[in-house]
file query_34.cif (mmCIF, C-alpha atoms)
data_final
loop_
_atom_site.label_atom_id
_atom_site.label_comp_id
_atom_site.auth_asym_id
_atom_site.auth_seq_id
_atom_site.Cartn_x
_atom_site.Cartn_y
_atom_site.Cartn_z
CA MET A 11 0.00 0.00 0.00
CA ALA A 12 1.03 3.62 -0.47
CA ARG A 13 2.08 5.47 2.65
CA ILE A 14 3.01 9.02 3.66
CA THR A 15 6.51 8.73 5.10
CA ALA A 16 7.42 12.37 5.73
CA GLY A 17 6.38 15.99 5.35
CA ILE A 18 8.26 19.19 4.57
CA GLY A 19 7.13 22.76 5.16
CA SER A 20 9.13 25.24 3.08
CA SER A 21 9.15 28.74 1.67
CA HIS A 22 8.95 29.01 -2.12
CA VAL A 23 10.37 32.51 -2.79
CA PRO A 24 10.87 33.02 -6.56
CA LEU A 25 14.28 34.67 -6.03
CA LEU A 26 15.60 31.31 -4.77
CA GLY A 27 14.85 29.85 -8.20
CA VAL A 28 16.73 32.74 -9.79
CA ALA A 29 19.70 32.07 -7.46
CA VAL A 30 19.78 28.39 -8.51
CA ASP A 31 19.28 29.12 -12.19
CA GLN A 32 22.01 31.80 -12.23
CA GLY A 33 24.52 29.86 -10.09
CA LYS A 34 24.41 32.32 -7.17
CA SER A 35 23.33 29.91 -4.46
CA ARG A 36 26.65 30.03 -2.57
CA ASP A 37 27.28 33.77 -2.68
CA ASP A 38 27.23 35.92 0.48
CA TYR A 39 23.54 36.72 0.19
CA PHE A 40 22.14 33.28 -0.66
CA GLY A 41 24.81 31.11 0.97
CA PRO A 42 23.25 30.98 4.47
CA ILE A 43 19.87 30.06 2.95
CA PHE A 44 21.14 27.22 0.80
CA ALA A 45 23.41 25.97 3.60
CA GLY A 46 20.23 25.45 5.63
CA TYR A 47 18.86 23.21 2.89
CA ASP A 48 22.03 21.06 2.56
CA TRP A 49 20.88 18.66 5.28
CA THR A 50 17.47 18.33 3.65
CA LYS A 51 18.88 17.72 0.16
CA GLN A 52 20.99 14.86 1.48
CA TRP A 53 18.11 13.45 3.51
CA VAL A 54 15.64 13.52 0.62
CA ALA A 55 18.22 11.87 -1.70
CA GLU A 56 18.33 8.97 0.78
CA ALA A 57 14.59 8.96 1.52
CA LYS A 58 13.88 8.64 -2.24
CA PRO A 59 10.17 9.49 -2.36
CA ASP A 60 8.33 7.96 -5.33
CA VAL A 61 5.78 10.77 -5.28
CA VAL A 62 5.55 14.18 -3.64
CA ILE A 63 2.14 15.71 -3.04
CA LEU A 64 3.15 19.34 -3.43
CA VAL A 65 0.84 21.90 -1.84
CA TYR A 66 1.42 25.39 -3.24
CA ASN A 67 -0.40 28.40 -4.58
CA ASP A 68 -0.55 29.61 -8.14
CA HIS A 69 0.58 33.25 -8.47
CA ALA A 70 -1.63 34.37 -11.35
CA SER A 71 0.09 31.92 -13.71
CA ALA A 72 -2.18 28.95 -14.45
CA PHE A 73 -5.30 30.67 -13.08
CA ASP A 74 -6.30 34.23 -13.89
CA ALA A 75 -8.88 36.31 -12.01
CA ASN A 76 -11.75 34.44 -13.70
CA ILE A 77 -11.85 31.06 -11.97
CA ILE A 78 -10.67 30.78 -8.36
CA PRO A 79 -10.58 27.19 -7.09
CA THR A 80 -10.14 26.90 -3.32
CA PHE A 81 -8.49 23.47 -3.58
CA ALA A 82 -7.37 22.18 -7.00
CA ILE A 83 -5.59 18.89 -7.62
CA GLY A 84 -3.48 18.22 -10.70
CA CYS A 85 -4.49 14.90 -12.25
CA GLY A 86 -2.46 15.24 -15.45
CA GLU A 87 0.52 13.29 -16.75
CA ARG A 88 2.90 16.25 -17.10
CA TYR A 89 3.21 19.95 -16.28
CA LYS A 90 5.44 22.58 -17.88
CA PRO A 91 7.15 25.42 -15.98
CA ALA A 92 5.07 28.59 -16.38
CA ASP A 93 6.25 31.79 -18.03
CA GLU A 94 5.88 34.30 -15.19
CA GLY A 95 6.87 37.24 -17.35
CA TRP A 96 10.61 36.52 -17.56
CA GLY A 97 10.36 33.37 -19.72
CA PRO A 98 9.82 29.89 -18.21
CA ARG A 99 12.46 28.64 -15.74
CA LYS A 100 14.86 26.25 -17.44
CA VAL A 101 13.99 23.37 -15.16
CA PRO A 102 12.70 19.91 -16.11
CA ASP A 103 9.02 19.36 -16.83
CA VAL A 104 7.17 18.02 -13.81
CA GLU A 105 5.92 14.49 -14.18
CA GLY A 106 2.55 13.84 -12.57
CA HIS A 107 1.23 10.64 -11.05
CA ALA A 108 -2.20 10.57 -12.66
CA ASP A 109 -3.25 7.24 -11.09
CA LEU A 110 -2.54 8.40 -7.56
CA ALA A 111 -3.87 11.90 -8.19
CA TRP A 112 -7.20 10.69 -9.56
CA HIS A 113 -7.46 8.24 -6.66
CA ILE A 114 -6.85 11.04 -4.15
CA ALA A 115 -9.33 13.32 -5.95
CA GLN A 116 -12.07 10.70 -5.83
CA SER A 117 -11.37 9.82 -2.21
CA LEU A 118 -11.39 13.49 -1.14
CA ILE A 119 -14.70 14.15 -2.88
CA LEU A 120 -16.23 11.11 -1.19
CA ASP A 121 -14.82 12.57 2.05
CA ASP A 122 -16.83 15.80 1.45
CA PHE A 123 -13.96 17.90 0.04
CA ASP A 124 -15.29 19.48 -3.15
CA MET A 125 -12.07 19.42 -5.17
CA THR A 126 -11.43 21.11 -8.49
CA ILE A 127 -9.73 18.73 -10.90
CA ILE A 128 -7.08 20.11 -13.25
CA ASN A 129 -5.98 18.11 -16.28
CA GLU A 130 -3.68 20.62 -17.93
CA MET A 131 -1.79 23.51 -16.38
CA ASP A 132 1.62 25.14 -16.18
CA VAL A 133 3.24 25.24 -12.75
CA ASP A 134 4.95 28.37 -11.42
CA HIS A 135 7.65 29.09 -8.85
CA GLY A 136 5.33 28.01 -6.04
CA LEU A 137 5.87 24.44 -7.21
CA THR A 138 9.24 24.47 -8.99
CA VAL A 139 11.26 26.43 -6.39
CA PRO A 140 10.71 23.81 -3.64
CA LEU A 141 11.79 21.11 -6.12
CA SER A 142 14.98 23.08 -6.84
CA MET A 143 15.65 23.58 -3.12
CA MET A 144 15.33 19.87 -2.37
CA PHE A 145 16.74 18.31 -5.54
CA GLY A 146 19.14 20.91 -6.98
CA GLN A 147 19.54 20.88 -10.75
CA PRO A 148 18.92 17.33 -12.04
CA VAL A 149 18.26 16.54 -15.71
CA ALA A 150 14.87 15.15 -14.64
CA TRP A 151 13.12 15.51 -11.26
CA PRO A 152 13.75 12.28 -9.32
CA CYS A 153 10.10 11.76 -8.31
CA LYS A 154 6.61 12.23 -9.58
CA VAL A 155 4.53 15.12 -8.29
CA VAL A 156 0.86 15.54 -7.47
CA PRO A 157 0.27 19.34 -7.51
CA LEU A 158 -2.29 20.64 -5.04
CA ALA A 159 -3.02 24.32 -5.59
CA VAL A 160 -4.70 26.32 -2.81
CA ASN A 161 -6.32 29.74 -3.13
CA VAL A 162 -4.49 31.95 -0.64
CA VAL A 163 -5.00 35.16 -2.62
CA THR A 164 -8.73 35.97 -2.82
CA TYR A 165 -10.58 36.12 0.51
CA PRO A 166 -11.85 34.19 2.21
CA VAL A 167 -9.05 31.68 1.76
CA PRO A 168 -9.58 28.29 3.44
CA SER A 169 -9.21 28.21 7.22
CA GLY A 170 -6.27 26.54 8.94
CA ASN A 171 -8.75 24.08 10.39
CA ARG A 172 -10.03 23.12 6.95
CA CYS A 173 -6.48 22.78 5.62
CA TRP A 174 -5.55 20.45 8.48
CA ALA A 175 -8.68 18.36 7.86
CA LEU A 176 -7.84 18.17 4.14
CA GLY A 177 -4.41 16.84 5.10
CA GLU A 178 -6.05 14.14 7.23
CA ALA A 179 -8.26 13.18 4.29
CA ILE A 180 -5.25 13.08 1.94
CA ALA A 181 -3.53 10.67 4.33
CA ARG A 182 -6.59 8.38 4.25
CA ALA A 183 -6.67 8.59 0.45
CA VAL A 184 -2.99 7.67 0.12
CA ALA A 185 -3.35 4.80 2.59
CA SER A 186 -6.10 3.27 0.44
CA PHE A 187 -4.05 3.36 -2.80
CA PRO A 188 -3.09 -0.25 -3.58
CA GLU A 189 0.32 0.34 -5.15
CA ASP A 190 3.39 0.27 -2.89
CA LEU A 191 4.50 3.91 -2.98
CA ASN A 192 6.72 6.04 -0.76
CA VAL A 193 4.82 9.33 -0.67
CA GLN A 194 5.90 12.63 0.87
CA ILE A 195 3.73 15.69 1.31
CA TRP A 196 5.19 19.18 1.14
CA GLY A 197 3.40 22.34 2.25
CA THR A 198 4.98 25.47 0.79
CA GLY A 199 4.85 29.26 0.97
CA GLY A 200 5.56 31.82 3.67
CA MET A 201 7.00 32.49 6.08
CA SER A 202 6.30 36.08 7.16
CA HIS A 203 6.16 38.51 4.23
CA GLN A 204 4.10 41.36 2.83
CA LEU A 205 4.46 42.32 -0.83
CA GLN A 206 2.02 45.21 -1.02
CA GLY A 207 1.15 48.62 0.36
CA PRO A 208 3.00 50.94 2.76
CA ARG A 209 3.42 48.07 5.28
CA ALA A 210 5.39 45.97 2.75
CA GLY A 211 8.54 44.36 4.12
CA LEU A 212 7.02 43.20 7.39
CA LEU A 213 8.83 40.21 8.90
CA ASN A 214 8.25 38.48 12.23
CA ARG A 215 10.99 36.14 13.39
CA GLU A 216 9.39 35.49 16.76
CA TRP A 217 5.96 34.53 15.39
CA ASP A 218 7.40 32.40 12.59
CA ASN A 219 9.43 30.39 15.09
CA ARG A 220 6.42 29.96 17.34
CA PHE A 221 4.59 28.57 14.30
CA LEU A 222 7.43 26.10 13.69
CA ASP A 223 7.22 25.09 17.38
CA LEU A 224 3.49 24.45 17.00
CA LEU A 225 4.08 22.30 13.91
CA GLU A 226 6.45 20.10 15.92
CA ALA A 227 4.01 19.77 18.80
CA ASP A 228 2.06 16.58 19.41
CA ASP A 229 -1.30 18.32 19.19
CA ASP A 230 -3.34 20.21 16.65
CA ALA A 231 -3.56 23.64 18.31
CA VAL A 232 -1.97 25.28 15.24
CA ARG A 233 -5.03 24.55 13.09
CA HIS A 234 -7.09 27.08 15.05
CA ILE A 235 -4.98 30.19 14.33
CA PRO A 236 -7.41 32.60 12.64
CA HIS A 237 -6.63 34.37 9.35
CA ILE A 238 -6.43 37.75 11.04
CA GLU A 239 -3.54 36.58 13.24
CA TYR A 240 -1.47 35.48 10.24
CA LEU A 241 -2.25 38.80 8.53
CA ARG A 242 -1.49 41.07 11.47
CA GLU A 243 1.59 39.20 12.65
CA THR A 244 3.19 37.90 9.43
CA GLY A 245 2.07 40.22 6.63
CA SER A 246 -0.59 39.88 3.96
CA GLU A 247 1.28 37.11 2.14
CA GLY A 248 2.20 35.29 5.38
CA ILE A 249 -1.25 33.69 5.05
CA GLU A 250 0.44 31.18 2.72
CA MET A 251 1.46 29.31 5.87
CA VAL A 252 -2.04 27.78 6.09
CA MET A 253 -0.80 25.51 3.29
CA TRP A 254 1.74 24.00 5.67
CA LEU A 255 -1.19 22.75 7.75
CA ILE A 256 -2.32 20.46 4.92
CA MET A 257 1.09 18.81 5.19
CA ARG A 258 0.97 18.73 8.99
CA GLY A 259 -2.57 17.34 9.10
CA ALA A 260 -1.51 14.48 6.82
CA LEU A 261 1.18 13.34 9.28
CA GLY A 262 -1.16 12.56 12.18
CA LYS A 263 -1.23 13.75 15.78
CA ALA A 264 2.39 13.21 16.77
CA VAL A 265 5.49 13.92 14.69
CA LYS A 266 9.25 13.71 14.98
CA ARG A 267 11.20 16.75 13.78
CA LEU A 268 14.21 15.81 11.69
CA HIS A 269 15.41 19.26 10.66
CA ARG A 270 14.50 22.93 10.94
CA HIS A 271 16.01 26.10 9.50
CA TYR A 272 15.13 29.80 9.52
CA HIS A 273 16.78 32.79 7.87
CA ILE A 274 15.99 36.47 7.28
CA PRO A 275 15.81 37.84 4.61
CA CYS A 276 15.38 36.52 1.10
CA SER A 277 14.11 39.41 -0.99
CA ASN A 278 10.91 40.50 0.86
CA THR A 279 10.56 37.26 2.77
CA ALA A 280 11.54 35.25 5.84
CA ILE A 281 12.78 31.82 4.75
CA GLY A 282 11.96 28.78 6.83
CA HIS A 283 11.70 25.06 6.42
CA ILE A 284 10.99 22.06 8.58
CA VAL A 285 11.23 18.31 7.94
CA LEU A 286 8.85 16.07 9.89
CA GLU A 287 8.09 12.36 10.12
CA PRO A 288 4.93 10.80 11.50
CA ALA A 289 5.78 9.51 14.99
CA PRO A 290 5.18 5.76 15.40
CA MET B 12 -13.08 17.16 12.13
CA SER B 13 -12.76 19.29 15.19
CA ASP B 14 -14.24 22.74 15.26
CA PRO B 15 -14.56 23.81 18.87
CA ALA B 16 -15.66 27.42 18.33
CA PRO B 17 -18.66 28.58 16.31
CA ARG B 18 -17.69 30.40 13.13
CA GLN B 19 -17.05 34.11 13.41
CA PRO B 20 -19.89 36.17 11.87
CA ILE B 21 -18.99 37.16 8.30
CA HIS B 22 -19.25 40.94 8.85
CA ASP B 23 -16.90 40.78 11.84
CA TYR B 24 -14.47 38.71 9.75
CA LEU B 25 -14.55 41.20 6.87
CA ALA B 26 -14.27 44.24 9.18
CA GLU B 27 -11.11 42.83 10.76
CA LEU B 28 -9.49 42.51 7.33
CA GLU B 29 -9.77 46.31 6.95
CA ASP B 30 -8.07 46.97 10.30
CA ILE B 31 -4.47 46.39 9.22
CA PRO B 32 -2.33 49.50 8.67
CA GLY B 33 -0.91 50.07 5.18
CA THR B 34 -2.51 46.91 3.80
CA ARG B 35 -5.24 46.11 1.28
CA ILE B 36 -6.42 42.55 1.80
CA PHE B 37 -7.73 41.13 -1.50
CA THR B 38 -11.32 40.67 -0.43
CA ALA B 39 -14.15 39.62 -2.69
CA ALA B 40 -15.17 43.31 -2.91
CA ARG B 41 -11.70 44.26 -4.22
CA ALA B 42 -11.53 41.23 -6.51
CA ARG B 43 -14.81 42.32 -8.05
CA LYS B 44 -13.87 46.00 -8.33
CA GLY B 45 -10.45 45.31 -9.82
CA TYR B 46 -11.38 42.39 -12.07
CA TRP B 47 -10.48 44.03 -15.39
CA ILE B 48 -7.37 45.71 -13.97
CA ASN B 49 -6.14 42.27 -13.00
CA GLN B 50 -7.17 40.69 -16.30
CA PHE B 51 -5.40 43.50 -18.17
CA ALA B 52 -2.25 42.81 -16.11
CA MET B 53 -2.63 39.08 -16.76
CA SER B 54 -2.72 39.74 -20.51
CA LEU B 55 0.90 40.93 -20.24
CA MET B 56 1.94 37.30 -19.76
CA LYS B 57 1.89 37.06 -23.56
CA ALA B 58 4.90 38.47 -25.42
CA ASP B 59 2.88 40.02 -28.24
CA ASN B 60 0.62 41.80 -25.74
CA ARG B 61 3.68 43.12 -23.89
CA ALA B 62 5.03 44.47 -27.18
CA ARG B 63 1.74 46.16 -28.06
CA PHE B 64 1.45 47.66 -24.55
CA LYS B 65 5.01 48.99 -24.66
CA ALA B 66 4.49 50.47 -28.11
CA ASP B 67 1.45 52.51 -26.98
CA GLU B 68 0.39 52.04 -23.36
CA ARG B 69 -2.61 54.32 -23.57
CA ALA B 70 -3.99 52.66 -26.71
CA TYR B 71 -3.57 49.22 -25.18
CA LEU B 72 -5.31 50.31 -21.95
CA ASP B 73 -8.18 51.76 -23.99
CA GLU B 74 -8.99 48.23 -25.21
CA TRP B 75 -10.03 47.35 -21.63
CA THR B 76 -13.17 48.32 -19.70
CA ILE B 77 -11.26 49.87 -16.83
CA SER B 78 -11.90 53.30 -15.32
CA GLU B 79 -9.94 56.42 -16.22
CA PRO B 80 -8.39 56.68 -12.70
CA ALA B 81 -7.22 53.07 -13.04
CA LYS B 82 -5.71 53.79 -16.46
CA GLN B 83 -3.93 56.85 -15.02
CA ALA B 84 -2.64 54.75 -12.11
CA VAL B 85 -1.26 52.14 -14.53
CA LEU B 86 0.42 54.84 -16.66
CA ALA B 87 1.93 56.38 -13.49
CA ARG B 88 2.83 52.94 -12.04
CA ASP B 89 1.04 54.10 -8.87
CA TYR B 90 0.71 50.68 -7.26
CA ASN B 91 -0.92 51.87 -4.04
CA ALA B 92 -3.65 53.52 -6.13
CA LEU B 93 -4.06 50.28 -8.09
CA LEU B 94 -4.42 48.31 -4.83
CA ASP B 95 -7.16 50.74 -3.77
CA LEU B 96 -8.88 50.16 -7.12
CA GLY B 97 -8.88 46.39 -6.66
CA GLY B 98 -5.55 45.42 -8.19
CA ASN B 99 -3.74 42.46 -6.69
CA VAL B 100 0.03 42.32 -6.43
CA TYR B 101 0.38 38.92 -8.12
CA PHE B 102 -1.42 40.28 -11.17
CA LEU B 103 0.27 43.68 -11.01
CA SER B 104 3.62 41.87 -10.95
CA LYS B 105 3.10 41.18 -14.67
CA LEU B 106 3.55 44.91 -15.05
CA PHE B 107 6.74 44.74 -12.94
CA SER B 108 8.23 42.16 -15.28
CA THR B 109 7.04 44.03 -18.36
CA ASP B 110 9.02 47.00 -17.01
CA GLY B 111 11.97 44.70 -16.22
CA LEU B 112 11.74 45.72 -12.56
CA PRO B 113 12.77 43.20 -9.86
CA PHE B 114 9.82 42.27 -7.63
CA ALA B 115 11.29 43.67 -4.41
CA GLU B 116 12.20 46.97 -6.07
CA ALA B 117 8.65 47.34 -7.38
CA VAL B 118 7.32 46.52 -3.90
CA SER B 119 9.52 49.23 -2.39
CA THR B 120 7.71 51.86 -4.48
CA MET B 121 4.60 51.24 -2.37
CA THR B 122 6.42 52.23 0.83
CA ASP B 123 7.77 55.58 1.99
CA MET B 124 11.33 54.39 1.32
CA SER B 125 13.69 54.46 -1.62
CA TRP B 126 14.74 51.09 -3.04
CA PRO B 127 18.20 51.20 -1.33
CA GLU B 128 16.54 52.14 1.97
CA TYR B 129 13.98 49.36 1.62
CA ARG B 130 16.65 46.80 0.73
CA GLN B 131 18.66 47.84 3.79
CA MET B 132 15.58 47.52 6.02
CA MET B 133 15.12 43.93 4.79
CA LEU B 134 18.81 43.13 5.43
CA ASP B 135 18.37 44.57 8.94
CA GLY B 136 15.50 42.16 9.69
CA GLY B 137 12.54 43.70 7.92
CA ARG B 138 9.73 45.94 9.11
CA SER B 139 8.71 45.27 12.70
CA PRO B 140 5.11 44.23 13.36
CA GLN B 141 5.24 46.50 16.44
CA GLY B 142 2.62 49.23 15.97
CA ASN B 143 1.75 47.81 12.54
CA ARG B 144 -0.82 45.18 13.49
CA SER B 145 -4.04 47.10 14.02
CA ILE B 146 -5.38 50.52 13.07
CA LYS B 147 -8.03 50.59 15.80
CA GLY B 148 -5.90 48.93 18.45
CA GLY B 149 -2.73 50.88 17.65
CA TYR B 150 -0.50 47.93 18.59
#
call {"tool": "encode", "arguments": {"input": "query_34.cif", "output": "structure tokens"}}
result
Amino acid sequence: MARITAGIGSSHVPLLGVAVDQGKSRDDYFGPIFAGYDWTKQWVAEAKPDVVILVYNDHASAFDANIIPTFAIGCGERYKPADEGWGPRKVPDVEGHADLAWHIAQSLILDDFDMTIINEMDVDHGLTVPLSMMFGQPVAWPCKVVPLAVNVVTYPVPSGNRCWALGEAIARAVASFPEDLNVQIWGTGGMSHQLQGPRAGLLNREWDNRFLDLLEADDDAVRHIPHIEYLRETGSEGIEMVMWLIMRGALGKAVKRLHRHYHIPCSNTAIGHIVLEPAP
Amino acid sequence: MSDPAPRQPIHDYLAELEDIPGTRIFTAARARKGYWINQFAMSLMKADNRARFKADERAYLDEWTISEPAKQAVLARDYNALLDLGGNVYFLSKLFSTDGLPFAEAVSTMTDMSWPEYRQMMLDGGRSPQGNRSIKGGY
């Protein structure tokens, strides 16, 4: 049977993709960020996931202002890197796992999650930057990916509680897939950042680290943080952290933390990531 | 599913979103108001549209059903005005890239700082949330 073996929460700042693509990842500015990911790169190379369920948000790339799916799951065979206005990133195409994705989609709908199903889309930095951070610059990505896009732009976005519950339902869906697959789930975005208005540039080291503490905890208190707290404390785009709760919810009540890293700044953003395993 | 507290009433939820200093949360009301601004910006994802826009910005804008103040704000690259008119930064960023402007530099134009000042603030740990959390509460 398929099983979820680990979860990662990670920022997906587009500038990190630029740093990788332009060979700047060890310079003075980016060096401390990429050094924090060295442990994780080595760990994931040994963990060898067959599939990553990658929770991210589309940044006006695949979806325009017309159709706004709250939760959308990619059920296609293949996804191309999106042109975000600078030309597409020169990274490999992303190979889907259509069998698993369709299975998860069906299971979630039967579990009362009204998913939007996507057959064709391009994937932007929200999805490809985490792949670059974990896998570097391979000729082909070493695993298949099930994209799960969340609306965290147009309000109301889904609650933390709903995201956690979706994660729980994803874990049930994966556990009922008959093929023997090593599946990881990654929640991406954040941490504190605000990209708009006179308050732009807000960062909150203390709150971000409290959030990481809550993710490591053996309870689900973190699911009840209201939107307004993310917005006041971590900036308008800090709300992306609700996507980490889909990952955390999928790992069950208790987890073991394998690695954690935090750095300020990367462009407008606080960079953080955490690697968790379900506790036995 | 666990949901210990009853859901917050919708009007209280929406009122709180307006209580953050220097911030325009992209509510349904703004999404509706700024729909064509955002769709215009989205159209700049295509190279031939970018070329047509650059060749004659005003003529390109006149193809869209957006208000005169919004057109003026686009021409002036007044991003705070565009946020007030329902623009969203992820859509407006198509205009940043059309101008060849790095994201963070474009963001800095919405603050009261120059780009070098803004960049230095980020290197120094970013803007503090202290005093920036609530208009009404002042904390």
call {"tool": "resolve_selection", "arguments": {"input": "query_34.cif", "expression": "the PyMOL selection byres ((chain B) within 6 of (chain A))", "output": "list in words"}}
result
Gly33, Thr34, Phe37, Thr38, Ala39, Met56, Asn91, Tyr101, Phe102, Ser108, Val118, Met121, Thr122, Gly137, Arg138, Ser139 and Arg144 of chain B
call {"tool": "resolve_selection", "arguments": {"input": "query_34.cif", "expression": "the PyMOL selection byres ((chain A and resi 63) around 9)", "output": "PyMOL selection string"}}
result
chain A and resi 61-62+64-65+111+154-158+193-197+257
call {"tool": "resolve_selection", "arguments": {"input": "query_34.cif", "expression": "the PyMOL selection byres ((chain A and resi 149) around 10)", "output": "ChimeraX atom specification"}}
result
/A:101-103,146-148,150-152
call {"tool": "write_last_selection", "arguments": {"input": "query_34.cif", "atoms": "C-alpha atoms", "output": "short mmCIF file (atom, residue, chain, number, x, y, z; two decimals), in the frame of the given file"}}
result
data_model
loop_
_atom_site.label_atom_id
_atom_site.label_comp_id
_atom_site.auth_asym_id
_atom_site.auth_seq_id
_atom_site.Cartn_x
_atom_site.Cartn_y
_atom_site.Cartn_z
CA VAL A 101 13.99 23.37 -15.16
CA PRO A 102 12.70 19.91 -16.11
CA ASP A 103 9.02 19.36 -16.83
CA GLY A 146 19.14 20.91 -6.98
CA GLN A 147 19.54 20.88 -10.75
CA PRO A 148 18.92 17.33 -12.04
CA ALA A 150 14.87 15.15 -14.64
CA TRP A 151 13.12 15.51 -11.26
CA PRO A 152 13.75 12.28 -9.32
#
call {"tool": "residues_around", "arguments": {"input": "query_34.cif", "residues": "Ser35 in chain A", "least_positions_apart": "2", "cutoff": "12 Å", "atoms": "all atoms listed in the file", "output": "ChimeraX atom specification"}}
result
/A:25-33,37-48,142-143,146-147,276
call {"tool": "closest_residue", "arguments": {"input": "query_34.cif", "among": "A:His22, A:Lys100, A:Arg88, A:His107", "to": "Gly136 in chain A", "atoms": "all atoms listed in the file"}}
result
A:His22
call {"tool": "residues_around", "arguments": {"input": "query_34.cif", "residues": "Trp75 in chain B", "least_positions_apart": "5", "cutoff": "10 Å", "atoms": "all atoms listed in the file", "output": "ChimeraX atom specification"}}
result
/B:47-48,50-51,70,82
call {"tool": "residues_around", "arguments": {"input": "query_34.cif", "residues": "range 58-61 of chain B", "least_positions_apart": "4", "cutoff": "8 Å", "atoms": "all atoms listed in the file", "output": "ChimeraX atom specification"}}
result
/B:54,65,109
call {"tool": "closest_residue", "arguments": {"input": "query_34.cif", "among": "A:Asp229, A:Gly84, A:Leu286, A:Pro91", "to": "Ile127 in chain A", "atoms": "all atoms listed in the file"}}
result
A:Gly84
call {"tool": "atom_distance", "arguments": {"input": "query_34.cif", "atom1": "CA of His113 in chain A", "atom2": "CA of Glu130 in chain A"}}
result
17.2 Å
call {"tool": "residues_around", "arguments": {"input": "query_34.cif", "residues": "range 145-147 of chain B", "least_positions_apart": "4", "cutoff": "6 Å", "atoms": "all atoms listed in the file", "output": "list in words"}}
result
Asp30, Ile31 and Pro32 of chain B
call {"tool": "atom_distance", "arguments": {"input": "query_34.cif", "atom1": "CA of Pro140 in chain B", "atom2": "CA of Ile21 in chain B"}}
result
25.6 Å
call {"tool": "atom_distance", "arguments": {"input": "query_34.cif", "atom1": "CA of Glu189 in chain A", "atom2": "CA of Tyr66 in chain A"}}
result
25.1 Å
call {"tool": "decode", "arguments": {"input": "query_34.cif", "residues": "range 219-230 of chain A", "atoms": "N, CA, C and O atoms", "output": "mmCIF file, in the first residue's frame"}}
result
data_model
loop_
_atom_site.group_PDB
_atom_site.id
_atom_site.type_symbol
_atom_site.label_atom_id
_atom_site.label_comp_id
_atom_site.auth_asym_id
_atom_site.auth_seq_id
_atom_site.Cartn_x
_atom_site.Cartn_y
_atom_site.Cartn_z
ATOM 1 N N ASN A 219 8.830 31.493 14.323
ATOM 2 C CA ASN A 219 9.431 30.392 15.092
ATOM 3 C C ASN A 219 8.431 29.740 16.032
ATOM 4 O O ASN A 219 8.505 28.538 16.285
ATOM 5 N N ARG A 220 7.488 30.548 16.518
ATOM 6 C CA ARG A 220 6.416 29.957 17.338
ATOM 7 C C ARG A 220 5.568 29.013 16.469
ATOM 8 O O ARG A 220 5.130 27.964 16.912
ATOM 9 N N PHE A 221 5.348 29.419 15.232
ATOM 10 C CA PHE A 221 4.589 28.572 14.300
ATOM 11 C C PHE A 221 5.330 27.249 14.061
ATOM 12 O O PHE A 221 4.718 26.175 14.074
ATOM 13 N N LEU A 222 6.651 27.338 13.874
ATOM 14 C CA LEU A 222 7.434 26.099 13.690
ATOM 15 C C LEU A 222 7.344 25.220 14.941
ATOM 16 O O LEU A 222 7.221 23.994 14.838
ATOM 17 N N ASP A 223 7.380 25.852 16.127
ATOM 18 C CA ASP A 223 7.218 25.087 17.380
ATOM 19 C C ASP A 223 5.873 24.353 17.387
ATOM 20 O O ASP A 223 5.794 23.192 17.768
ATOM 21 N N LEU A 224 4.829 25.060 16.976
ATOM 22 C CA LEU A 224 3.489 24.453 16.996
ATOM 23 C C LEU A 224 3.391 23.289 16.006
ATOM 24 O O LEU A 224 2.682 22.311 16.260
ATOM 25 N N LEU A 225 4.106 23.401 14.881
ATOM 26 C CA LEU A 225 4.082 22.301 13.907
ATOM 27 C C LEU A 225 4.738 21.045 14.468
ATOM 28 O O LEU A 225 4.362 19.924 14.136
ATOM 29 N N GLU A 226 5.741 21.242 15.332
ATOM 30 C CA GLU A 226 6.449 20.104 15.920
ATOM 31 C C GLU A 226 5.667 19.469 17.061
ATOM 32 O O GLU A 226 5.977 18.359 17.479
ATOM 33 N N ALA A 227 4.709 20.215 17.590
ATOM 34 C CA ALA A 227 4.011 19.768 18.805
ATOM 35 C C ALA A 227 3.136 18.549 18.517
ATOM 36 O O ALA A 227 2.739 18.306 17.378
ATOM 37 N N ASP A 228 2.875 17.790 19.560
ATOM 38 C CA ASP A 228 2.058 16.583 19.414
ATOM 39 C C ASP A 228 0.575 16.880 19.623
ATOM 40 O O ASP A 228 -0.138 16.107 20.258
ATOM 41 N N ASP A 229 0.141 18.022 19.142
ATOM 42 C CA ASP A 229 -1.298 18.321 19.192
ATOM 43 C C ASP A 229 -1.648 19.161 17.974
ATOM 44 O O ASP A 229 -0.773 19.476 17.163
ATOM 45 N N ASP A 230 -2.908 19.511 17.866
ATOM 46 C CA ASP A 230 -3.340 20.211 16.647
ATOM 47 C C ASP A 230 -3.766 21.653 16.921
ATOM 48 O O ASP A 230 -4.577 22.211 16.197
#
